[in-house]
Structures are given as C-alpha cells and as structure tokens.
Amino acid sequence: MPFIITFGVAFLLRGINLAISTTPIRGIPSEYLQIYDAKIGIVPVNVIVMAFLWYGLWLFTTRMRWGRNIYAVGGSERIARLAGIRVNWTVASAYILSSVFAACAGLFLLARSAWVTPTPQMA
C-alpha cells in the first residue's frame, strides 16, 4: 500500500509542479551556486557534509531508540508490533526522514546544475 501511495503523491506533485511552471527555472543566486564549488582546504564542502550526515545517521541507527525501531520494523512489522513498537508511527517517520534527505539531495543538485526543469527526469 505505501508503494501505491508514493506513486500517487508523486503524480500529484508532478502535476502541481507543471501547473506552476512549464519552462526551466533559471536565475539561481550565485551565492547559492558557490556552495557546490566551496572547499575547506583541499576537501570539498559536499564531502564534509556527507561525512557528517553518514556519521550522524550511523549514530542515529545504532544508538537511538528510534533508529533501532526503524531497523526492527524493516525486519518484520509483526515482530516489531509484538515487541511494543509503534509500527505505523515508525514507518511514517521513516518516510518523512527519507523525504527530508531527498529534498537535501535536490538542493545539492540545484547548486551543481544551476537550473531546474519542472518536467520529470526519470533515469
């Protein structure tokens, strides 16, 4: 069921996106575009940000209750429910966390490419 809901929301958002703008969006401020090329010493800022994200997610999934709950629900919803984990809340929060990271990835891609098209770019 979540898979179907994901596709439904994707089509809905794609339609809203096309209703707002049908041409590529340009004119991104140059300060924002410099994020992609920024470096601290010889190390790009993108690498540093990703290292912090990976380390933070590792801590989150191994040290925090919520992260361990996500692992448990991913293993078996039935067993997780029997263990007292709120499965529906955990699944919904995992989707929200995934959406936040997808939005961050989109912002990094915007800083790299300097333009955005409202039409879907399926790989």
# chains A, B, ... in the order shown; residues from 1 in each chain; ligands from 1
$ select_by_dssp --residues "chain A" --states "strand (DSSP E)" --output "list in words"
Lys39, Ile40, Val43 and Pro44 of chain A
$ write_last_selection --atoms "N, CA and C atoms" --output "tab-separated table (two decimals), in the first residue's frame"
chain	number	residue	atom	x	y	z
A	39	LYS	N	35.31	24.85	-0.85
A	39	LYS	CA	36.26	23.89	-0.29
A	39	LYS	C	36.78	24.42	1.04
A	40	ILE	N	37.11	23.48	1.91
A	40	ILE	CA	37.82	23.81	3.13
A	40	ILE	C	39.17	23.12	2.99
A	43	VAL	N	39.54	19.84	0.67
A	43	VAL	CA	38.37	18.96	0.76
A	43	VAL	C	37.11	19.74	0.40
A	44	PRO	N	36.34	19.27	-0.58
A	44	PRO	CA	35.09	19.96	-0.93
A	44	PRO	C	34.09	19.92	0.24
$ residues_around --residues "Val47 in chain A" --least-positions-apart "3" --cutoff "12 Å" --atoms "only C-alpha atoms" --output "PyMOL selection string"
chain A and resi 35-40+42-44+50-54+108
$ write_last_selection --atoms "N, CA and C atoms" --output "short mmCIF file (atom, residue, chain, number, x, y, z; two decimals), in the first residue's frame"
data_model
loop_
_atom_site.label_atom_id
_atom_site.label_comp_id
_atom_site.auth_asym_id
_atom_site.auth_seq_id
_atom_site.Cartn_x
_atom_site.Cartn_y
_atom_site.Cartn_z
N ILE A 35 28.05 27.08 -3.35
CA ILE A 35 28.08 26.02 -2.34
C ILE A 35 28.73 24.77 -2.92
N TYR A 36 28.42 24.46 -4.15
CA TYR A 36 28.93 23.23 -4.76
C TYR A 36 30.44 23.27 -4.94
N ASP A 37 30.97 24.44 -5.25
CA ASP A 37 32.41 24.56 -5.50
C ASP A 37 33.22 24.91 -4.26
N ALA A 38 32.57 25.15 -3.14
CA ALA A 38 33.28 25.57 -1.93
C ALA A 38 34.17 24.45 -1.40
N LYS A 39 35.31 24.85 -0.85
CA LYS A 39 36.26 23.89 -0.29
C LYS A 39 36.78 24.42 1.04
N ILE A 40 37.11 23.48 1.91
CA ILE A 40 37.82 23.81 3.13
C ILE A 40 39.17 23.12 2.99
N ILE A 42 41.68 21.43 0.91
CA ILE A 42 41.54 20.74 -0.39
C ILE A 42 40.30 19.88 -0.44
N VAL A 43 39.54 19.84 0.67
CA VAL A 43 38.37 18.96 0.76
C VAL A 43 37.11 19.74 0.40
N PRO A 44 36.34 19.27 -0.58
CA PRO A 44 35.09 19.96 -0.93
C PRO A 44 34.09 19.92 0.24
N MET A 50 28.52 15.31 3.62
CA MET A 50 28.14 13.89 3.52
C MET A 50 28.77 13.06 4.64
N ALA A 51 30.01 13.36 5.00
CA ALA A 51 30.65 12.62 6.10
C ALA A 51 29.89 12.85 7.41
N PHE A 52 29.50 14.09 7.67
CA PHE A 52 28.73 14.37 8.88
C PHE A 52 27.36 13.69 8.84
N LEU A 53 26.72 13.70 7.67
CA LEU A 53 25.43 13.02 7.56
C LEU A 53 25.56 11.52 7.79
N TRP A 54 26.55 10.90 7.17
CA TRP A 54 26.74 9.46 7.36
C TRP A 54 27.03 9.13 8.82
N PHE A 108 21.34 20.07 -3.31
CA PHE A 108 22.73 19.91 -3.75
C PHE A 108 22.81 19.81 -5.27
#
$ select_by_dssp --residues "chain A" --states "helix (DSSP H, G or I)" --output "VMD selection string"
chain A and resid 2 to 20 30 to 37 45 to 63 65 to 75 77 to 82 87 to 113
$ write_last_selection --atoms "C-alpha atoms" --output "PDB file, in the first residue's frame"
ATOM      1  CA  PRO A   2       2.749   2.584   0.795  1.00  0.00           C
ATOM      2  CA  PHE A   3       4.226   1.911  -2.645  1.00  0.00           C
ATOM      3  CA  ILE A   4       0.967   2.907  -4.351  1.00  0.00           C
ATOM      4  CA  ILE A   5       0.604   5.981  -2.150  1.00  0.00           C
ATOM      5  CA  THR A   6       4.151   7.025  -3.064  1.00  0.00           C
ATOM      6  CA  PHE A   7       3.328   6.886  -6.779  1.00  0.00           C
ATOM      7  CA  GLY A   8       0.049   8.728  -6.233  1.00  0.00           C
ATOM      8  CA  VAL A   9       1.722  11.576  -4.365  1.00  0.00           C
ATOM      9  CA  ALA A  10       4.492  11.719  -6.983  1.00  0.00           C
ATOM     10  CA  PHE A  11       1.965  12.154  -9.798  1.00  0.00           C
ATOM     11  CA  LEU A  12       0.055  14.764  -7.789  1.00  0.00           C
ATOM     12  CA  LEU A  13       3.185  16.795  -7.053  1.00  0.00           C
ATOM     13  CA  ARG A  14       4.366  16.487 -10.645  1.00  0.00           C
ATOM     14  CA  GLY A  15       1.031  17.920 -11.819  1.00  0.00           C
ATOM     15  CA  ILE A  16       1.240  20.814  -9.359  1.00  0.00           C
ATOM     16  CA  ASN A  17       4.815  21.434 -10.459  1.00  0.00           C
ATOM     17  CA  LEU A  18       3.822  21.616 -14.132  1.00  0.00           C
ATOM     18  CA  ALA A  19       0.868  23.901 -13.310  1.00  0.00           C
ATOM     19  CA  ILE A  20       3.215  26.383 -11.625  1.00  0.00           C
ATOM     20  CA  SER A  30      25.366  32.995  -7.493  1.00  0.00           C
ATOM     21  CA  GLU A  31      25.996  32.759  -3.737  1.00  0.00           C
ATOM     22  CA  TYR A  32      23.913  29.588  -3.636  1.00  0.00           C
ATOM     23  CA  LEU A  33      25.687  28.147  -6.666  1.00  0.00           C
ATOM     24  CA  GLN A  34      29.056  28.617  -4.966  1.00  0.00           C
ATOM     25  CA  ILE A  35      28.082  26.024  -2.339  1.00  0.00           C
ATOM     26  CA  TYR A  36      28.926  23.225  -4.758  1.00  0.00           C
ATOM     27  CA  ASP A  37      32.406  24.562  -5.504  1.00  0.00           C
ATOM     28  CA  VAL A  45      32.330  21.079   1.442  1.00  0.00           C
ATOM     29  CA  ASN A  46      29.995  18.480  -0.109  1.00  0.00           C
ATOM     30  CA  VAL A  47      32.290  15.689   1.090  1.00  0.00           C
ATOM     31  CA  ILE A  48      32.391  17.150   4.595  1.00  0.00           C
ATOM     32  CA  VAL A  49      28.606  17.484   4.710  1.00  0.00           C
ATOM     33  CA  MET A  50      28.137  13.895   3.521  1.00  0.00           C
ATOM     34  CA  ALA A  51      30.646  12.618   6.096  1.00  0.00           C
ATOM     35  CA  PHE A  52      28.733  14.371   8.878  1.00  0.00           C
ATOM     36  CA  LEU A  53      25.428  13.024   7.557  1.00  0.00           C
ATOM     37  CA  TRP A  54      26.735   9.459   7.361  1.00  0.00           C
ATOM     38  CA  TYR A  55      28.228   9.674  10.841  1.00  0.00           C
ATOM     39  CA  GLY A  56      25.026  11.192  12.212  1.00  0.00           C
ATOM     40  CA  LEU A  57      22.889   8.507  10.611  1.00  0.00           C
ATOM     41  CA  TRP A  58      25.189   5.794  11.906  1.00  0.00           C
ATOM     42  CA  LEU A  59      24.820   7.198  15.419  1.00  0.00           C
ATOM     43  CA  PHE A  60      21.084   7.536  14.898  1.00  0.00           C
ATOM     44  CA  THR A  61      20.565   3.956  13.745  1.00  0.00           C
ATOM     45  CA  THR A  62      22.860   2.329  16.288  1.00  0.00           C
ATOM     46  CA  ARG A  63      22.480   4.453  19.411  1.00  0.00           C
ATOM     47  CA  ARG A  65      15.763   4.036  20.102  1.00  0.00           C
ATOM     48  CA  TRP A  66      14.012   5.465  17.051  1.00  0.00           C
ATOM     49  CA  GLY A  67      16.800   4.246  14.739  1.00  0.00           C
ATOM     50  CA  ARG A  68      16.712   0.752  16.223  1.00  0.00           C
ATOM     51  CA  ASN A  69      12.926   0.774  15.856  1.00  0.00           C
ATOM     52  CA  ILE A  70      13.321   1.517  12.148  1.00  0.00           C
ATOM     53  CA  TYR A  71      15.639  -1.495  11.822  1.00  0.00           C
ATOM     54  CA  ALA A  72      13.168  -3.661  13.728  1.00  0.00           C
ATOM     55  CA  VAL A  73      10.182  -2.595  11.624  1.00  0.00           C
ATOM     56  CA  GLY A  74      12.216  -3.127   8.464  1.00  0.00           C
ATOM     57  CA  GLY A  75      12.994  -6.648   9.582  1.00  0.00           C
ATOM     58  CA  GLU A  77       6.473  -5.467  11.175  1.00  0.00           C
ATOM     59  CA  ARG A  78       4.682  -8.248  13.024  1.00  0.00           C
ATOM     60  CA  ILE A  79       7.573  -8.978  15.385  1.00  0.00           C
ATOM     61  CA  ALA A  80       8.148  -5.256  15.939  1.00  0.00           C
ATOM     62  CA  ARG A  81       4.476  -4.776  16.825  1.00  0.00           C
ATOM     63  CA  LEU A  82       4.674  -7.696  19.273  1.00  0.00           C
ATOM     64  CA  VAL A  87       4.894   0.418  13.739  1.00  0.00           C
ATOM     65  CA  ASN A  88       2.668   2.922  11.921  1.00  0.00           C
ATOM     66  CA  TRP A  89       4.397   5.885  13.546  1.00  0.00           C
ATOM     67  CA  THR A  90       7.836   4.427  12.834  1.00  0.00           C
ATOM     68  CA  VAL A  91       7.041   3.790   9.167  1.00  0.00           C
ATOM     69  CA  ALA A  92       5.543   7.275   8.716  1.00  0.00           C
ATOM     70  CA  SER A  93       8.530   8.926  10.393  1.00  0.00           C
ATOM     71  CA  ALA A  94      10.938   6.922   8.219  1.00  0.00           C
ATOM     72  CA  TYR A  95       9.133   8.181   5.107  1.00  0.00           C
ATOM     73  CA  ILE A  96       9.333  11.757   6.392  1.00  0.00           C
ATOM     74  CA  LEU A  97      13.049  11.399   7.132  1.00  0.00           C
ATOM     75  CA  SER A  98      13.591   9.955   3.665  1.00  0.00           C
ATOM     76  CA  SER A  99      11.728  12.892   2.116  1.00  0.00           C
ATOM     77  CA  VAL A 100      13.878  15.396   4.000  1.00  0.00           C
ATOM     78  CA  PHE A 101      17.057  13.746   2.721  1.00  0.00           C
ATOM     79  CA  ALA A 102      15.658  13.646  -0.824  1.00  0.00           C
ATOM     80  CA  ALA A 103      14.953  17.383  -0.602  1.00  0.00           C
ATOM     81  CA  CYS A 104      18.522  17.997   0.591  1.00  0.00           C
ATOM     82  CA  ALA A 105      19.854  15.966  -2.332  1.00  0.00           C
ATOM     83  CA  GLY A 106      17.729  18.055  -4.686  1.00  0.00           C
ATOM     84  CA  LEU A 107      19.198  21.249  -3.252  1.00  0.00           C
ATOM     85  CA  PHE A 108      22.726  19.909  -3.752  1.00  0.00           C
ATOM     86  CA  LEU A 109      21.859  19.030  -7.357  1.00  0.00           C
ATOM     87  CA  LEU A 110      20.475  22.537  -7.850  1.00  0.00           C
ATOM     88  CA  ALA A 111      23.745  24.015  -6.601  1.00  0.00           C
ATOM     89  CA  ARG A 112      25.581  21.811  -9.110  1.00  0.00           C
ATOM     90  CA  SER A 113      23.443  22.327 -12.201  1.00  0.00           C
TER      91      SER A 113
END
$ atom_distance --atom1 "CA of Ala83 in chain A" --atom2 "CA of Met64 in chain A"
16.4 Å
$ decode --residues "range 71-100 of chain A" --atoms "N, CA and C atoms" --output "mmCIF file, in the first residue's frame"
data_model
loop_
_atom_site.group_PDB
_atom_site.id
_atom_site.type_symbol
_atom_site.label_atom_id
_atom_site.label_comp_id
_atom_site.auth_asym_id
_atom_site.auth_seq_id
_atom_site.Cartn_x
_atom_site.Cartn_y
_atom_site.Cartn_z
ATOM 1 N N TYR A 71 15.060 -0.202 12.195
ATOM 2 C CA TYR A 71 15.639 -1.495 11.822
ATOM 3 C C TYR A 71 14.677 -2.637 12.137
ATOM 4 N N ALA A 72 14.069 -2.584 13.312
ATOM 5 C CA ALA A 72 13.168 -3.661 13.728
ATOM 6 C C ALA A 72 11.952 -3.748 12.814
ATOM 7 N N VAL A 73 11.361 -2.601 12.497
ATOM 8 C CA VAL A 73 10.182 -2.595 11.624
ATOM 9 C C VAL A 73 10.570 -3.053 10.223
ATOM 10 N N GLY A 74 11.747 -2.681 9.772
ATOM 11 C CA GLY A 74 12.216 -3.127 8.464
ATOM 12 C C GLY A 74 12.437 -4.623 8.410
ATOM 13 N N GLY A 75 12.795 -5.199 9.533
ATOM 14 C CA GLY A 75 12.994 -6.648 9.582
ATOM 15 C C GLY A 75 11.682 -7.405 9.561
ATOM 16 N N SER A 76 10.758 -7.019 10.431
ATOM 17 C CA SER A 76 9.460 -7.688 10.489
ATOM 18 C C SER A 76 8.486 -6.795 11.244
ATOM 19 N N GLU A 77 7.465 -6.328 10.539
ATOM 20 C CA GLU A 77 6.473 -5.467 11.175
ATOM 21 C C GLU A 77 5.741 -6.215 12.282
ATOM 22 N N ARG A 78 5.446 -7.468 12.037
ATOM 23 C CA ARG A 78 4.682 -8.248 13.024
ATOM 24 C C ARG A 78 5.472 -8.421 14.317
ATOM 25 N N ILE A 79 6.737 -8.792 14.208
ATOM 26 C CA ILE A 79 7.573 -8.978 15.385
ATOM 27 C C ILE A 79 7.784 -7.645 16.097
ATOM 28 N N ALA A 80 7.965 -6.572 15.333
ATOM 29 C CA ALA A 80 8.148 -5.256 15.939
ATOM 30 C C ALA A 80 6.898 -4.844 16.707
ATOM 31 N N ARG A 81 5.731 -5.114 16.141
ATOM 32 C CA ARG A 81 4.476 -4.776 16.825
ATOM 33 C C ARG A 81 4.348 -5.580 18.126
ATOM 34 N N LEU A 82 4.722 -6.860 18.074
ATOM 35 C CA LEU A 82 4.674 -7.696 19.273
ATOM 36 C C LEU A 82 5.678 -7.227 20.335
ATOM 37 N N ALA A 83 6.768 -6.578 19.893
ATOM 38 C CA ALA A 83 7.769 -6.064 20.823
ATOM 39 C C ALA A 83 7.351 -4.729 21.430
ATOM 40 N N GLY A 84 6.210 -4.188 21.007
ATOM 41 C CA GLY A 84 5.716 -2.940 21.588
ATOM 42 C C GLY A 84 6.106 -1.696 20.827
ATOM 43 N N ILE A 85 6.593 -1.861 19.617
ATOM 44 C CA ILE A 85 6.984 -0.708 18.799
ATOM 45 C C ILE A 85 5.757 -0.200 18.060
ATOM 46 N N ARG A 86 5.605 1.120 18.039
ATOM 47 C CA ARG A 86 4.506 1.715 17.281
ATOM 48 C C ARG A 86 4.887 1.701 15.801
ATOM 49 N N VAL A 87 4.460 0.673 15.110
ATOM 50 C CA VAL A 87 4.894 0.418 13.739
ATOM 51 C C VAL A 87 4.434 1.516 12.790
ATOM 52 N N ASN A 88 3.178 1.907 12.856
ATOM 53 C CA ASN A 88 2.668 2.922 11.921
ATOM 54 C C ASN A 88 3.416 4.237 12.078
ATOM 55 N N TRP A 89 3.666 4.647 13.316
ATOM 56 C CA TRP A 89 4.397 5.885 13.546
ATOM 57 C C TRP A 89 5.828 5.767 13.038
ATOM 58 N N THR A 90 6.452 4.630 13.268
ATOM 59 C CA THR A 90 7.836 4.427 12.834
ATOM 60 C C THR A 90 7.948 4.449 11.315
ATOM 61 N N VAL A 91 7.014 3.799 10.636
ATOM 62 C CA VAL A 91 7.041 3.790 9.167
ATOM 63 C C VAL A 91 6.809 5.200 8.629
ATOM 64 N N ALA A 92 5.830 5.912 9.179
ATOM 65 C CA ALA A 92 5.543 7.275 8.716
ATOM 66 C C ALA A 92 6.742 8.184 8.958
ATOM 67 N N SER A 93 7.376 8.074 10.109
ATOM 68 C CA SER A 93 8.530 8.926 10.393
ATOM 69 C C SER A 93 9.716 8.575 9.498
ATOM 70 N N ALA A 94 9.864 7.312 9.138
ATOM 71 C CA ALA A 94 10.938 6.922 8.219
ATOM 72 C C ALA A 94 10.700 7.525 6.832
ATOM 73 N N TYR A 95 9.440 7.540 6.385
ATOM 74 C CA TYR A 95 9.133 8.181 5.107
ATOM 75 C C TYR A 95 9.417 9.680 5.157
ATOM 76 N N ILE A 96 9.082 10.315 6.257
ATOM 77 C CA ILE A 96 9.333 11.757 6.392
ATOM 78 C C ILE A 96 10.827 12.023 6.383
ATOM 79 N N LEU A 97 11.596 11.236 7.115
ATOM 80 C CA LEU A 97 13.049 11.399 7.132
ATOM 81 C C LEU A 97 13.639 11.189 5.738
ATOM 82 N N SER A 98 13.138 10.203 5.030
ATOM 83 C CA SER A 98 13.591 9.955 3.665
ATOM 84 C C SER A 98 13.280 11.137 2.755
ATOM 85 N N SER A 99 12.110 11.735 2.923
ATOM 86 C CA SER A 99 11.728 12.892 2.116
ATOM 87 C C SER A 99 12.622 14.087 2.393
ATOM 88 N N VAL A 100 12.985 14.286 3.649
ATOM 89 C CA VAL A 100 13.878 15.396 4.000
ATOM 90 C C VAL A 100 15.237 15.211 3.329
#
